[in-house]
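Colleague: Take a look at this one; I'll ask things after.
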Amino acid sequence: MEAPFIMSSISTRVSYQNWKGTMQELPRLLNSSAGRDSCCIFRVSQSLSEINEKAYQPHIVSIGPFHHGKPKYQMIQEHKRRFLSNLLSQSENRRVVLKDLFEATLEFNGQDLIWMMVLDGCFIIELLCKVGRMVPADPNDPLVTMAWILPSLMRDLLRLENQIPYFVLQKLFDLSVGSGNKGPSLAKLALGFFNYMVQRPVPALAKYYDKEGKHLLDLFRMSYIPKDHDCQEEKLDQAGVKFRPRKTHSILDIKFKNGILEIPVLTIDDFWSSLFLNFVAFEQCYCHSTKHITTYATFMGCLINTPADAGFLGDHKIVENYFGTDKEVARFFNNVGKDVVFDIHRSYLSNVFVEVNKFYQNDWHVRLAGFKHKYFSTPWSFASAVTAVMLLLLTMIQSFYAVYQYHNPPSK
């Protein structure tokens, strides 16, 4: 009679040991280190990737571990060793580069990860140097001469899942190229490289040449944050809010004063749409980051709810649309703000949100703007209003003279 009891006790003990073992296993899908300041490269969450999965995944080159080894990236992978060889041949001491890099990256587990970092990092640095004309480029190099490859590389190097830590790039750059007063910084080369796609004035970029992001995507994101920053249009227009394009080097520099909302010109195309999504994804995943781009995207999403809203901003020279139809622009801004989290009261546009809402809720502004919109929005309505006013004045004058003559008849 004791045997079943003994077997049951043993089974219970084994189940408990298994259960205890599973309790001690570390999380794998969401690592416990994901909340640390040092953890800055993420897989995009499913809720964000559902908007446009292709925007977060590289197209021709894999950088870092997430997409490493996939056959679709083999073409550029074959060129990485050639770029590594070119970079090492320009270095004064090849052994120092690799030896010092290993000492700087001992925290990474596995020799394969270290070598992957070396290969990808040297590829990026040599690419920046070739495009930045720091080293002579082979006129027959297909990665530089073929028109479609370089823009694709620029896009892929700005995807959240396709990054390596910036300090690895900086270490490689210091040891292989050298940094100092004689040559450009890594940030200057990187921002100049990506500037081929967005065409910003060089003086506007110069303020960020001493910056160090968490990776290239973060560095490029930081270059849009002004130094002093560490609802729909149709409804706002009818409330008396005026829209004007703002001349500034940062799209984030939005101002509202005396009923005038000044918004920097936004040129939206395929590159910008992908960049926007990756900026927002990084800010949502990395809790130590500011939420400037998320705030801007949410603000624009509040303004652009319908195709008519997108067309309205286009008519006011605020949005330059190379993305598609007004409907596609409206759909993009409706999606980019989905499921994002940020504190509006702590955002850099908090005062703008408050002032615009305050102005919108003012009855006097709404009535005056409604009157203007009804009677002065088109030349025909303006002419009709002027004609009505003139007829009213003539009627009043006629009535005045009739009453005056009645009380003061002319003397005979």
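By convention in this document, the chains of the structure tokens carry letters A, B, ... by their order, each chain's residues are numbered from 1, and ligands are numbered from 1 in the order they are shown.
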I want to know what sits within 8 Å of A:Tyr322, based on only C-alpha atoms, with residues of the same chain fewer than 3 positions away left out; could you give that as a list of chain:residue names?
Modeller: A:Thr267, A:Ile268, A:Asp269, A:Asp270
Colleague: Considering only C-alpha atoms, return as number ranges by chain whatever protein or nucleic-acid residues lie within 7 Å of stretch 274-281 of chain A, sequence-local ones (same chain, fewer than 4 positions apart) excluded.
Modeller: A: 44, 55-56, 158-160, 221, 270, 285, 293-294, 336
Colleague: Given the choices A:Arg133, A:Gly213, A:Ser176, A:Pro203, which gets closest to A:Ser85 if the distance is worked out from only C-alpha atoms?
Modeller: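 The closest residue to A:Ser85 is A:Ser176.
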Colleague: Could you name the residues that touch A:Leu266 at 10 Å or less, counting only C-alpha atoms, but leaving out those on the same chain fewer than 4 positions away, as a list of chain:residue names?
Modeller: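 Once the adjacent positions are removed, what remains is A:Pro245, A:Ser250, A:Ile251, A:Leu252, A:Trp272, A:Leu313, A:Gly314, A:Lys317, A:Ile318, A:Val319, A:Glu320, A:Asn321.
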Colleague: Selection from above, all heavy atoms, as a CSV table (one decimal), in the first residue's frame, can you write it?
Modeller:
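Output contents, as saved in again-v7.csv:
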chain,number,residue,atom,x,y,z
A,245,PRO,N,4.6,78.3,-43.2
A,245,PRO,CA,5.9,77.5,-43.2
A,245,PRO,C,6.9,78.3,-42.5
A,245,PRO,O,7.0,79.5,-42.6
A,245,PRO,CB,6.2,77.4,-44.7
A,245,PRO,CG,5.5,78.6,-45.4
A,245,PRO,CD,4.3,78.8,-44.6
A,250,SER,N,15.5,72.6,-38.6
A,250,SER,CA,15.0,71.4,-37.9
A,250,SER,C,13.5,71.3,-38.1
A,250,SER,O,12.8,72.3,-37.8
A,250,SER,CB,15.3,71.4,-36.4
A,250,SER,OG,14.7,70.3,-35.8
A,251,ILE,N,13.0,70.2,-38.5
A,251,ILE,CA,11.5,70.0,-38.7
A,251,ILE,C,10.8,70.1,-37.4
A,251,ILE,O,9.6,70.2,-37.3
A,251,ILE,CB,11.2,68.7,-39.4
A,251,ILE,CG1,11.7,67.5,-38.6
A,251,ILE,CG2,11.7,68.7,-40.8
A,251,ILE,CD1,11.2,66.2,-39.1
A,252,LEU,N,11.5,69.9,-36.3
A,252,LEU,CA,10.9,69.9,-34.9
A,252,LEU,C,10.6,71.3,-34.4
A,252,LEU,O,9.9,71.4,-33.4
A,252,LEU,CB,11.8,69.1,-33.9
A,252,LEU,CG,12.3,67.7,-34.3
A,252,LEU,CD1,13.1,67.1,-33.2
A,252,LEU,CD2,11.1,66.8,-34.6
A,272,TRP,N,12.1,59.3,-46.1
A,272,TRP,CA,11.6,59.9,-44.8
A,272,TRP,C,10.6,59.1,-44.1
A,272,TRP,O,10.6,59.0,-42.9
A,272,TRP,CB,11.1,61.3,-45.1
A,272,TRP,CG,12.0,62.4,-44.7
A,272,TRP,CD1,12.7,63.3,-45.4
A,272,TRP,CD2,12.3,62.7,-43.3
A,272,TRP,NE1,13.4,64.1,-44.6
A,272,TRP,CE2,13.2,63.8,-43.3
A,272,TRP,CE3,11.9,62.1,-42.1
A,272,TRP,CZ2,13.7,64.3,-42.1
A,272,TRP,CZ3,12.5,62.7,-40.9
A,272,TRP,CH2,13.4,63.7,-41.0
A,313,LEU,N,-2.2,71.4,-45.9
A,313,LEU,CA,-0.8,71.7,-45.6
A,313,LEU,C,0.0,71.8,-46.8
A,313,LEU,O,1.0,72.6,-46.9
A,313,LEU,CB,-0.2,70.6,-44.6
A,313,LEU,CG,-0.7,70.6,-43.2
A,313,LEU,CD1,0.0,69.6,-42.3
A,313,LEU,CD2,-0.6,72.0,-42.5
A,314,GLY,N,-0.3,71.0,-47.8
A,314,GLY,CA,0.4,71.1,-49.1
A,314,GLY,C,0.1,72.5,-49.7
A,314,GLY,O,1.1,73.1,-50.3
A,317,LYS,N,2.2,75.2,-48.3
A,317,LYS,CA,3.7,75.0,-48.5
A,317,LYS,C,4.4,74.5,-47.3
A,317,LYS,O,5.6,74.7,-47.0
A,317,LYS,CB,4.4,76.4,-48.9
A,317,LYS,CG,3.7,77.1,-50.1
A,317,LYS,CD,3.7,76.2,-51.4
A,317,LYS,CE,3.0,77.0,-52.5
A,317,LYS,NZ,2.9,76.2,-53.7
A,318,ILE,N,3.6,73.7,-46.5
A,318,ILE,CA,4.2,73.1,-45.2
A,318,ILE,C,4.6,71.7,-45.5
A,318,ILE,O,5.6,71.2,-45.0
A,318,ILE,CB,3.2,73.2,-44.1
A,318,ILE,CG1,3.0,74.7,-43.7
A,318,ILE,CG2,3.7,72.4,-42.9
A,318,ILE,CD1,1.9,74.9,-42.7
A,319,VAL,N,3.9,71.0,-46.3
A,319,VAL,CA,4.2,69.6,-46.7
A,319,VAL,C,4.5,69.5,-48.1
A,319,VAL,O,3.7,69.9,-49.0
A,319,VAL,CB,3.1,68.6,-46.3
A,319,VAL,CG1,3.3,67.3,-46.9
A,319,VAL,CG2,2.9,68.6,-44.8
A,320,GLU,N,5.7,69.1,-48.5
A,320,GLU,CA,6.0,68.8,-49.9
A,320,GLU,C,5.9,67.3,-50.1
A,320,GLU,O,6.7,66.5,-49.5
A,320,GLU,CB,7.5,69.2,-50.2
A,320,GLU,CG,7.6,70.8,-50.1
A,320,GLU,CD,9.0,71.2,-50.5
A,320,GLU,OE1,9.9,70.3,-50.7
A,320,GLU,OE2,9.3,72.4,-50.5
A,321,ASN,N,4.9,66.9,-50.8
A,321,ASN,CA,4.5,65.5,-50.9
A,321,ASN,C,5.2,64.8,-52.1
A,321,ASN,O,4.8,65.0,-53.3
A,321,ASN,CB,3.0,65.3,-51.0
A,321,ASN,CG,2.6,63.9,-51.1
A,321,ASN,OD1,3.3,63.0,-50.9
A,321,ASN,ND2,1.3,63.7,-51.4
Colleague: Pick out the residues sitting within 9 Å of A:Val144, and hand them over as a list in words; count only C-alpha atoms, and ignore anything fewer than 6 positions along from it in its own chain.
Modeller: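 After dropping sequence-adjacent residues, the list is Leu127, Lys130, Val131, Ala137, Asp138 and Leu150 of chain A.
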Colleague: Give the alpha helix (DSSP H) residues of stretch 74-267 of chain A, as assigned by DSSP on the backbone, as a tab-separated table (two decimals) with C-alpha atoms, in the first residue's frame.
Modeller:
chain	number	residue	atom	x	y	z
A	74	GLN	CA	25.06	37.76	-49.34
A	75	MET	CA	25.86	40.15	-52.20
A	76	ILE	CA	27.08	42.96	-49.91
A	77	GLN	CA	28.46	40.47	-47.39
A	78	GLU	CA	31.00	39.39	-49.99
A	79	HIS	CA	32.27	42.98	-50.28
A	80	LYS	CA	32.75	43.46	-46.52
A	81	ARG	CA	36.04	41.57	-46.42
A	82	ARG	CA	37.34	43.67	-49.31
A	83	PHE	CA	36.44	46.85	-47.42
A	84	LEU	CA	38.07	45.45	-44.26
A	85	SER	CA	41.25	44.72	-46.21
A	86	ASN	CA	41.25	48.25	-47.66
A	87	LEU	CA	40.82	49.80	-44.24
A	88	LEU	CA	43.56	47.73	-42.63
A	89	SER	CA	45.96	48.50	-45.47
A	90	GLN	CA	45.54	52.21	-44.71
A	94	ARG	CA	47.10	46.40	-38.46
A	95	ARG	CA	47.69	44.28	-35.37
A	96	VAL	CA	46.94	47.15	-33.00
A	97	VAL	CA	43.51	47.61	-34.56
A	98	LEU	CA	42.29	44.09	-33.90
A	99	LYS	CA	44.06	43.60	-30.56
A	100	ASP	CA	42.78	46.84	-29.06
A	101	LEU	CA	39.31	46.22	-30.38
A	102	PHE	CA	39.10	42.88	-28.63
A	103	GLU	CA	40.08	44.51	-25.34
A	104	ALA	CA	37.35	47.07	-25.84
A	111	GLN	CA	34.30	35.21	-30.85
A	112	ASP	CA	31.77	35.09	-33.68
A	113	LEU	CA	29.98	38.18	-32.36
A	114	ILE	CA	33.28	40.04	-32.00
A	115	TRP	CA	34.39	39.22	-35.53
A	116	MET	CA	30.99	40.19	-36.86
A	117	MET	CA	31.31	43.57	-35.11
A	118	VAL	CA	34.78	44.04	-36.58
A	119	LEU	CA	33.68	43.17	-40.10
A	120	ASP	CA	30.49	45.24	-40.06
A	121	GLY	CA	32.13	48.19	-38.30
A	122	CYS	CA	35.09	48.32	-40.68
A	123	PHE	CA	32.73	48.07	-43.64
A	124	ILE	CA	30.77	51.10	-42.40
A	125	ILE	CA	33.88	53.17	-41.68
A	126	GLU	CA	35.49	52.40	-45.04
A	127	LEU	CA	32.19	53.26	-46.79
A	128	LEU	CA	32.02	56.61	-44.94
A	129	CYS	CA	35.64	57.36	-45.83
A	130	LYS	CA	35.14	56.54	-49.51
A	131	VAL	CA	31.98	58.64	-49.84
A	142	PRO	CA	30.09	48.82	-57.92
A	143	LEU	CA	29.08	49.80	-54.39
A	144	VAL	CA	29.90	53.41	-55.22
A	145	THR	CA	29.26	53.67	-58.94
A	149	ILE	CA	23.22	50.62	-54.29
A	150	LEU	CA	24.40	53.66	-52.31
A	151	PRO	CA	20.89	55.01	-51.52
A	152	SER	CA	19.87	51.50	-50.45
A	153	LEU	CA	22.89	51.28	-48.15
A	154	MET	CA	22.02	54.65	-46.61
A	155	ARG	CA	18.50	53.47	-45.89
A	156	ASP	CA	19.67	50.16	-44.42
A	166	TYR	CA	28.45	53.57	-31.76
A	167	PHE	CA	31.36	53.07	-29.36
A	168	VAL	CA	32.47	50.08	-31.45
A	169	LEU	CA	32.47	52.26	-34.57
A	170	GLN	CA	34.29	55.02	-32.69
A	171	LYS	CA	36.97	52.61	-31.43
A	172	LEU	CA	37.51	51.22	-34.91
A	173	PHE	CA	37.59	54.71	-36.36
A	174	ASP	CA	40.14	55.97	-33.82
A	175	LEU	CA	42.46	53.03	-34.35
A	176	SER	CA	42.23	52.73	-38.12
A	186	LEU	CA	33.23	60.09	-37.12
A	187	ALA	CA	30.02	62.06	-36.55
A	188	LYS	CA	30.96	64.54	-39.29
A	189	LEU	CA	31.59	61.74	-41.77
A	190	ALA	CA	28.36	59.95	-40.84
A	191	LEU	CA	26.14	63.05	-40.99
A	192	GLY	CA	27.73	64.11	-44.27
A	193	PHE	CA	27.13	60.62	-45.65
A	194	PHE	CA	23.41	60.66	-44.83
A	195	ASN	CA	23.07	64.27	-45.94
A	196	TYR	CA	23.13	63.06	-49.54
A	197	MET	CA	19.57	61.89	-48.89
A	198	VAL	CA	18.12	64.88	-47.01
A	202	VAL	CA	26.34	72.10	-43.67
A	203	PRO	CA	26.34	74.82	-40.93
A	204	ALA	CA	23.19	73.23	-39.50
A	205	LEU	CA	24.99	69.89	-39.20
A	206	ALA	CA	28.23	71.35	-37.80
A	216	LEU	CA	24.09	55.68	-36.29
A	217	LEU	CA	20.30	55.89	-36.19
A	218	ASP	CA	20.43	57.67	-32.83
A	219	LEU	CA	23.15	60.06	-34.03
A	220	PHE	CA	21.07	61.03	-37.06
A	221	ARG	CA	17.98	61.42	-34.86
A	222	MET	CA	19.87	63.72	-32.48
A	233	GLU	CA	-6.27	71.88	-39.89
A	234	GLU	CA	-9.75	72.51	-41.18
A	235	LYS	CA	-11.09	72.88	-37.65
A	236	LEU	CA	-8.11	75.01	-36.57
A	237	ASP	CA	-8.45	77.14	-39.69
A	238	GLN	CA	-12.11	77.73	-38.90
Colleague: As a tab-separated table (two decimals) with N, CA, C and O atoms, in the first residue's frame, please: the residues near A:Ile344 (cut-off 9 Å, only C-alpha atoms, same-chain neighbours under 4 positions excluded).
Modeller:
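Writing the result to around_11.tsv gives the following:
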chain	number	residue	atom	x	y	z
A	295	THR	N	6.85	62.86	-30.40
A	295	THR	CA	5.99	64.02	-30.17
A	295	THR	C	5.64	64.71	-31.48
A	295	THR	O	4.48	65.05	-31.73
A	348	TYR	N	8.36	68.23	-25.67
A	348	TYR	CA	8.93	69.54	-26.03
A	348	TYR	C	7.89	70.45	-26.67
A	348	TYR	O	8.09	71.66	-26.75
A	349	LEU	N	6.76	69.90	-27.12
A	349	LEU	CA	5.69	70.70	-27.72
A	349	LEU	C	4.52	70.92	-26.75
A	349	LEU	O	3.44	71.29	-27.18
A	350	SER	N	4.76	70.71	-25.47
A	350	SER	CA	3.66	70.82	-24.50
A	350	SER	C	3.02	72.20	-24.54
A	350	SER	O	1.78	72.33	-24.52
A	353	PHE	N	0.82	72.58	-27.70
A	353	PHE	CA	-0.45	71.89	-27.54
A	353	PHE	C	-1.41	72.71	-26.69
A	353	PHE	O	-2.59	72.88	-27.03
Colleague: Of the residues A:Ile63, A:Cys39, A:Met396, A:Val341, which is the one nearest to A:Ala297, using only C-alpha atoms?
Modeller: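 Counting only C-alpha atoms, the residue closest to A:Ala297 is A:Val341.
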Colleague: Which polymer residues have any atom within 10 Å of an atom of A:Val329, counting only C-alpha atoms, with same-chain residues fewer than 3 positions away left out, as a list of chain:residue names?
Modeller: A:Ile268, A:Asp269, A:Ser273, A:Ile304, A:Asn305, A:Thr306, A:Pro307, A:Asp309, A:Ala310, A:Gly311, A:Val319, A:Asn321, A:Tyr322, A:Phe323, A:Gly324, A:Thr325, A:Asp326, A:Phe332, A:Phe333, A:Asn334, A:Asn335
Colleague: Once DSSP has gone over the backbone, tell me which residues of stretch 233-303 of chain A are in strand (DSSP E), as a PDB file with N, CA and C atoms, in the first residue's frame.
Modeller:
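Below you can see selection.pdb, which holds the result:
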ATOM      1  N   LYS A 242      -3.820  80.503 -38.083  1.00  0.00           N
ATOM      2  CA  LYS A 242      -3.175  80.686 -39.376  1.00  0.00           C
ATOM      3  C   LYS A 242      -1.971  79.748 -39.472  1.00  0.00           C
ATOM      4  N   PHE A 243      -1.774  79.185 -40.641  1.00  0.00           N
ATOM      5  CA  PHE A 243      -0.672  78.260 -40.872  1.00  0.00           C
ATOM      6  C   PHE A 243       0.369  78.915 -41.769  1.00  0.00           C
ATOM      7  N   ARG A 244       1.619  78.849 -41.332  1.00  0.00           N
ATOM      8  CA  ARG A 244       2.706  79.405 -42.125  1.00  0.00           C
ATOM      9  C   ARG A 244       3.905  78.459 -42.109  1.00  0.00           C
ATOM     10  N   PRO A 245       4.599  78.325 -43.236  1.00  0.00           N
ATOM     11  CA  PRO A 245       5.858  77.550 -43.222  1.00  0.00           C
ATOM     12  C   PRO A 245       6.933  78.310 -42.462  1.00  0.00           C
ATOM     13  N   ARG A 246       7.710  77.589 -41.669  1.00  0.00           N
ATOM     14  CA  ARG A 246       8.740  78.208 -40.852  1.00  0.00           C
ATOM     15  C   ARG A 246      10.117  77.908 -41.433  1.00  0.00           C
ATOM     16  N   LYS A 255       6.432  76.547 -33.814  1.00  0.00           N
ATOM     17  CA  LYS A 255       6.103  77.683 -32.949  1.00  0.00           C
ATOM     18  C   LYS A 255       4.641  78.084 -33.137  1.00  0.00           C
ATOM     19  N   PHE A 256       4.034  78.567 -32.037  1.00  0.00           N
ATOM     20  CA  PHE A 256       2.666  79.104 -32.096  1.00  0.00           C
ATOM     21  C   PHE A 256       2.611  80.400 -31.304  1.00  0.00           C
ATOM     22  N   LYS A 257       2.218  81.475 -31.978  1.00  0.00           N
ATOM     23  CA  LYS A 257       2.164  82.774 -31.330  1.00  0.00           C
ATOM     24  C   LYS A 257       1.141  83.658 -32.030  1.00  0.00           C
ATOM     25  N   ILE A 260      -0.882  82.238 -34.870  1.00  0.00           N
ATOM     26  CA  ILE A 260      -0.160  81.785 -36.057  1.00  0.00           C
ATOM     27  C   ILE A 260       0.661  80.553 -35.699  1.00  0.00           C
ATOM     28  N   LEU A 261       0.408  79.442 -36.391  1.00  0.00           N
ATOM     29  CA  LEU A 261       1.124  78.198 -36.175  1.00  0.00           C
ATOM     30  C   LEU A 261       2.168  78.064 -37.283  1.00  0.00           C
ATOM     31  N   GLU A 262       3.435  78.166 -36.892  1.00  0.00           N
ATOM     32  CA  GLU A 262       4.536  78.078 -37.846  1.00  0.00           C
ATOM     33  C   GLU A 262       5.152  76.689 -37.782  1.00  0.00           C
ATOM     34  N   ILE A 263       5.114  75.993 -38.921  1.00  0.00           N
ATOM     35  CA  ILE A 263       5.601  74.615 -38.998  1.00  0.00           C
ATOM     36  C   ILE A 263       6.681  74.544 -40.069  1.00  0.00           C
ATOM     37  N   PRO A 264       7.860  74.003 -39.737  1.00  0.00           N
ATOM     38  CA  PRO A 264       8.914  73.850 -40.753  1.00  0.00           C
ATOM     39  C   PRO A 264       8.452  72.973 -41.910  1.00  0.00           C
ATOM     40  N   LEU A 266       8.139  70.121 -44.385  1.00  0.00           N
ATOM     41  CA  LEU A 266       8.430  68.695 -44.322  1.00  0.00           C
ATOM     42  C   LEU A 266       8.358  68.113 -45.724  1.00  0.00           C
ATOM     43  N   THR A 267       9.481  67.611 -46.197  1.00  0.00           N
ATOM     44  CA  THR A 267       9.514  66.911 -47.487  1.00  0.00           C
ATOM     45  C   THR A 267       9.403  65.423 -47.198  1.00  0.00           C
ATOM     46  N   ILE A 268       8.269  64.860 -47.528  1.00  0.00           N
ATOM     47  CA  ILE A 268       8.035  63.454 -47.202  1.00  0.00           C
ATOM     48  C   ILE A 268       8.119  62.601 -48.463  1.00  0.00           C
TER      49      ILE A 268
END
Colleague: Could you tell me which of A:Val135, A:Lys211, A:Ala147, A:Phe66 comes closest to A:Ile225 if we count only C-alpha atoms?
Modeller: A:Lys211
